[in-house]
Amino acid sequence: PLQLSSVQPAPPDAILGLTESFLADPRSDKMNLTVGVYKDDSGITPIMRAVKQAEQILIEGEKTKGYLPIDGMADYRDAVRDMVFDGKVPNERAAVVQAPGGTGALRVSAEFLADQFARPRVFLPTPTWANHGAIMTAAGLEAVSYRYLSADKTSLDLTGMLDDLSANARPGDVILLHACCHNPSGVDPDAQQWEQIAARITELKLFPLIDFAYQGFGDGLAEDSVGLHTVLRHVPECLVCSSFSKNFGLYSERTGAVVMMAADQAAASASVSQIKRLVRCNYSNPPRHGASIVATILGDEALRRAWKSELMEMRQRIHRLRESFVKGMKEVAPDRDYSFLLSQKGMFSFSGLSPMQVDQLRTEHGIYLVGSGRINVAGMAEDRIDWLCEKVAAVL
Ligand code: PMP
């Protein structure tokens with residue numbers, strides 16, 4: 001018989017567990033460089049001003065909390081299509097299904113691929129976001145790895161990546177790519193490397209599943225789409241999983257989308273109908289609030305401009321922090337070179353610190369990093385970089 005008393009506890013989430021320890025840490029000068037959320041200088045994850053304004057508009061004007069369609073809100077779907085594809089895909093070949101966050105978009109996509117394509121395998125970069133493997137396997141796909149980072153974890157191993165794909169991938173396999181701001185390394189291919197990757201994917205007839213969780217966090221909304229648009233030029237079809245958790249700061253509103261490029265209109269509409277069938281027996285239909293905010297902002301010229309400039313502020317803060325940290329480390333540890341951090345994109349990078357050094361930073365100084373040495377640059381306080389560098393140098 002089913003007995004809950006026989007259930008064994010699952011291991012806690014490694015990163016969220018660290019946040020619990022951080023919150024319980026009584027030291028007032030502690031610093032949290034673990035979790036993947038943007039923070040401002042006071043260490044909080046702010047609500048963007050454009051989002052607050054959109055919410056005011058919604059409070060006044062929203063007339064119903066009735067269900068959305070299974071594939072989501074029409075205005076949102078159109079706005080997302082334009083933001084992600086930027087006119088590069090004819091509208092009849094494009095389709096969007098709203099999803100609960102980037103995670104929801106990945107899970108829905110994976111279920112669709114597993115359901116329709118005789119359980120293909122999915123190639124994941126090493127390393128990748130810790131949740132990718134679990135999502136793909138839970139949906140019934142077999143996860144296989146391909147090399148992505150060089151041994152020193154500071155640059156792309158393009159040869160290793162292409163060799164692994166050629167050696168191991170079969171036509172019809174899925175390849176997961178980070179469109180920009182690779183989590184956890186911050187290492188993105190440059191434009192020319194994207195061309196080579198897209199050509200190899202085409203040659204091997206792989207199906208691209210592109211995780212686009214950080215559009216606008218690297219170099220800009222358009223700049224961060226260069227890799228994606230390169231892939232779109234080469235392949236006949238692909239799925240993009242967009243998240244607006246980071247670039248709109250809508251983490252808890254679960255705002256994402258599956259953005260599809262299909263071979264033609266019939267393929268797009270049949271695929272959407274299958275995705276809707278899967279959504280219906282999962283969460284039935286997506287949440288309204290976050291999507292309403294995004295649609296309101298993107299649909300209003302002034303709000304859109306305001307949001308873009310706030311997004312630019314966030315991006316510039318991350319760049320500034322990277323620069324100050326590299327400069328600070330040069331002063332306290334001149335024999336080490338941290339300049340690789342300057343070319344990396346988004347909030348994350350590998351610091352090169354060992355698990356022991358990470359432990360020491362936490363126990364002795366209240367500086368929290370993930371065991372792999374990944375740092376969330378946005379967790380640094382601008383006026384405490386010197387302090388941070390001193391402590392990091394002390395454990396080197
Ligand atoms: N993909 C990557 C690479 C991520 O880093 C994240 C968020 N940490 C997600 C997807 C999921 O984002 P969301 O919170 O919108 O589900």
# chains A, B, ... in the order shown; residues from 1 in each chain; ligands from 1
$ residues_near_ligand --ligand "ligand 1" --cutoff "6 Å" --atoms "only C-alpha atoms and all ligand atoms" --output "PyMOL selection string"
chain A and resi 36+101-103+129+183+211+213+243+245+251+256
$ write_last_selection --atoms "C-alpha atoms" --output "mmCIF file, in the first residue's frame"
data_model
loop_
_atom_site.group_PDB
_atom_site.id
_atom_site.type_symbol
_atom_site.label_atom_id
_atom_site.label_comp_id
_atom_site.auth_asym_id
_atom_site.auth_seq_id
_atom_site.Cartn_x
_atom_site.Cartn_y
_atom_site.Cartn_z
ATOM 1 C CA GLY A 36 20.375 33.935 -9.968
ATOM 2 C CA GLY A 101 8.300 31.292 -16.758
ATOM 3 C CA GLY A 102 11.305 30.084 -18.690
ATOM 4 C CA THR A 103 11.173 26.865 -16.693
ATOM 5 C CA TRP A 129 21.938 25.549 -15.718
ATOM 6 C CA ASN A 183 24.530 30.194 -16.974
ATOM 7 C CA ASP A 211 17.067 28.899 -23.854
ATOM 8 C CA ALA A 213 16.452 33.613 -20.241
ATOM 9 C CA SER A 243 11.826 34.131 -19.842
ATOM 10 C CA SER A 245 11.915 36.892 -15.087
ATOM 11 C CA TYR A 251 10.504 36.432 -11.227
ATOM 12 C CA GLY A 256 7.692 33.107 -20.198
#
$ select_by_dssp --residues "range 170-244 of chain A" --states "strand (DSSP E)" --output "list of chain:residue names"
A:Val174, A:Ile175, A:Leu176, A:Leu177, A:His178, A:Phe207, A:Pro208, A:Leu209, A:Ile210, A:Asp211, A:Phe212, A:Cys238, A:Leu239, A:Val240, A:Cys241, A:Ser242, A:Ser243
$ write_last_selection --atoms "C-alpha atoms" --output "short mmCIF file (atom, residue, chain, number, x, y, z; two decimals), in the first residue's frame"
data_model
loop_
_atom_site.label_atom_id
_atom_site.label_comp_id
_atom_site.auth_asym_id
_atom_site.auth_seq_id
_atom_site.Cartn_x
_atom_site.Cartn_y
_atom_site.Cartn_z
CA VAL A 174 17.76 18.01 -29.94
CA ILE A 175 20.53 20.45 -29.02
CA LEU A 176 20.00 22.88 -26.18
CA LEU A 177 21.82 26.20 -26.53
CA HIS A 178 21.94 29.26 -24.30
CA PHE A 207 16.74 20.37 -33.71
CA PRO A 208 17.69 23.53 -31.76
CA LEU A 209 16.04 24.24 -28.41
CA ILE A 210 17.26 27.67 -27.42
CA ASP A 211 17.07 28.90 -23.85
CA PHE A 212 16.67 32.69 -23.92
CA CYS A 238 13.44 25.58 -33.85
CA LEU A 239 11.97 26.29 -30.43
CA VAL A 240 13.02 29.21 -28.23
CA CYS A 241 12.22 29.30 -24.51
CA SER A 242 11.96 32.91 -23.40
CA SER A 243 11.83 34.13 -19.84
#
$ select_by_dssp --residues "range 168-222 of chain A" --states "helix (DSSP H, G or I)" --output "PyMOL selection string"
chain A and resi 168+191-204
$ residues_around --residues "Leu156 in chain A" --least-positions-apart "5" --cutoff "7 Å" --atoms "only C-alpha atoms" --output "list in words"
Tyr148, Leu149, Ser150, Val187 and Pro189 of chain A
$ write_last_selection --atoms "N, CA and C atoms" --output "PDB file, in the first residue's frame"
ATOM      1  N   TYR A 148      31.584  22.336 -23.653  1.00  0.00           N
ATOM      2  CA  TYR A 148      31.279  23.739 -23.924  1.00  0.00           C
ATOM      3  C   TYR A 148      32.408  24.660 -23.446  1.00  0.00           C
ATOM      4  N   LEU A 149      32.894  24.411 -22.232  1.00  0.00           N
ATOM      5  CA  LEU A 149      33.915  25.286 -21.649  1.00  0.00           C
ATOM      6  C   LEU A 149      35.299  24.682 -21.758  1.00  0.00           C
ATOM      7  N   SER A 150      36.280  25.554 -21.925  1.00  0.00           N
ATOM      8  CA  SER A 150      37.671  25.118 -21.876  1.00  0.00           C
ATOM      9  C   SER A 150      38.006  24.667 -20.450  1.00  0.00           C
ATOM     10  N   VAL A 187      30.155  32.626 -20.475  1.00  0.00           N
ATOM     11  CA  VAL A 187      30.907  32.490 -21.732  1.00  0.00           C
ATOM     12  C   VAL A 187      29.942  32.271 -22.894  1.00  0.00           C
ATOM     13  N   PRO A 189      29.409  32.290 -27.278  1.00  0.00           N
ATOM     14  CA  PRO A 189      30.122  32.293 -28.562  1.00  0.00           C
ATOM     15  C   PRO A 189      30.065  33.702 -29.156  1.00  0.00           C
TER      16      PRO A 189
END
$ residues_around --residues "Met380 in chain A" --least-positions-apart "6" --cutoff "10 Å" --atoms "only C-alpha atoms" --output "PyMOL selection string"
chain A and resi 31-33+39-43+318+321-322+325+367+388
$ write_last_selection --atoms "N, CA and C atoms" --output "JSON list (two decimals), in the first residue's frame"
[["chain", "number", "residue", "atom", "x", "y", "z"],
["A", 31, "MET", "N", 27.66, 38.87, 2.36],
["A", 31, "MET", "CA", 27.37, 39.19, 0.95],
["A", 31, "MET", "C", 26.93, 37.92, 0.23],
["A", 32, "ASN", "N", 25.81, 38.00, -0.48],
["A", 32, "ASN", "CA", 25.25, 36.81, -1.14],
["A", 32, "ASN", "C", 25.50, 36.85, -2.65],
["A", 33, "LEU", "N", 26.42, 36.02, -3.10],
["A", 33, "LEU", "CA", 26.72, 35.97, -4.54],
["A", 33, "LEU", "C", 26.23, 34.66, -5.15],
["A", 39, "LYS", "N", 20.26, 42.08, -8.43],
["A", 39, "LYS", "CA", 20.11, 42.88, -7.22],
["A", 39, "LYS", "C", 20.65, 44.27, -7.46],
["A", 40, "ASP", "N", 20.06, 45.25, -6.76],
["A", 40, "ASP", "CA", 20.61, 46.59, -6.88],
["A", 40, "ASP", "C", 21.62, 46.79, -5.76],
["A", 41, "ASP", "N", 22.12, 48.02, -5.62],
["A", 41, "ASP", "CA", 23.20, 48.27, -4.68],
["A", 41, "ASP", "C", 22.82, 48.02, -3.23],
["A", 42, "SER", "N", 21.53, 48.13, -2.92],
["A", 42, "SER", "CA", 21.13, 47.87, -1.54],
["A", 42, "SER", "C", 20.83, 46.39, -1.32],
["A", 43, "GLY", "N", 21.14, 45.56, -2.34],
["A", 43, "GLY", "CA", 20.99, 44.12, -2.15],
["A", 43, "GLY", "C", 19.58, 43.63, -2.33],
["A", 318, "ILE", "N", 25.97, 45.80, -14.00],
["A", 318, "ILE", "CA", 26.69, 44.52, -14.02],
["A", 318, "ILE", "C", 28.08, 44.71, -14.67],
["A", 321, "LEU", "N", 30.36, 46.51, -12.23],
["A", 321, "LEU", "CA", 30.81, 45.62, -11.15],
["A", 321, "LEU", "C", 31.91, 44.70, -11.64],
["A", 322, "ARG", "N", 31.75, 44.19, -12.85],
["A", 322, "ARG", "CA", 32.80, 43.33, -13.41],
["A", 322, "ARG", "C", 34.12, 44.10, -13.49],
["A", 325, "PHE", "N", 35.62, 44.85, -9.98],
["A", 325, "PHE", "CA", 36.15, 43.64, -9.35],
["A", 325, "PHE", "C", 37.50, 43.28, -9.96],
["A", 367, "ILE", "N", 30.88, 35.54, 2.97],
["A", 367, "ILE", "CA", 30.68, 35.74, 1.53],
["A", 367, "ILE", "C", 30.21, 34.40, 0.94],
["A", 388, "LEU", "N", 35.48, 43.08, -0.69],
["A", 388, "LEU", "CA", 35.31, 41.75, -1.29],
["A", 388, "LEU", "C", 36.64, 41.23, -1.85]]
$ closest_residue --among "A:Gly61, A:Pro90, A:Pro46, A:Pro286" --to "Met314 in chain A" --atoms "only C-alpha atoms"
A:Pro46
$ closest_residue --among "A:Asn247, A:Thr363, A:Thr296, A:Ser372" --to "Ser21 in chain A" --atoms "only C-alpha atoms"
A:Thr363
$ closest_residue --among "A:Asp219, A:Glu142, A:Asp71, A:Asp13" --to "Arg280 in chain A" --atoms "only C-alpha atoms"
A:Asp71
$ closest_residue --among "A:Val144, A:Ile275, A:Val395, A:Val122" --to "Gln357 in chain A" --atoms "only C-alpha atoms"
A:Val395
$ closest_residue --among "A:Val97, A:Val51, A:Ala130, A:Leu4" --to "Leu68 in chain A" --atoms "only C-alpha atoms"
A:Val97
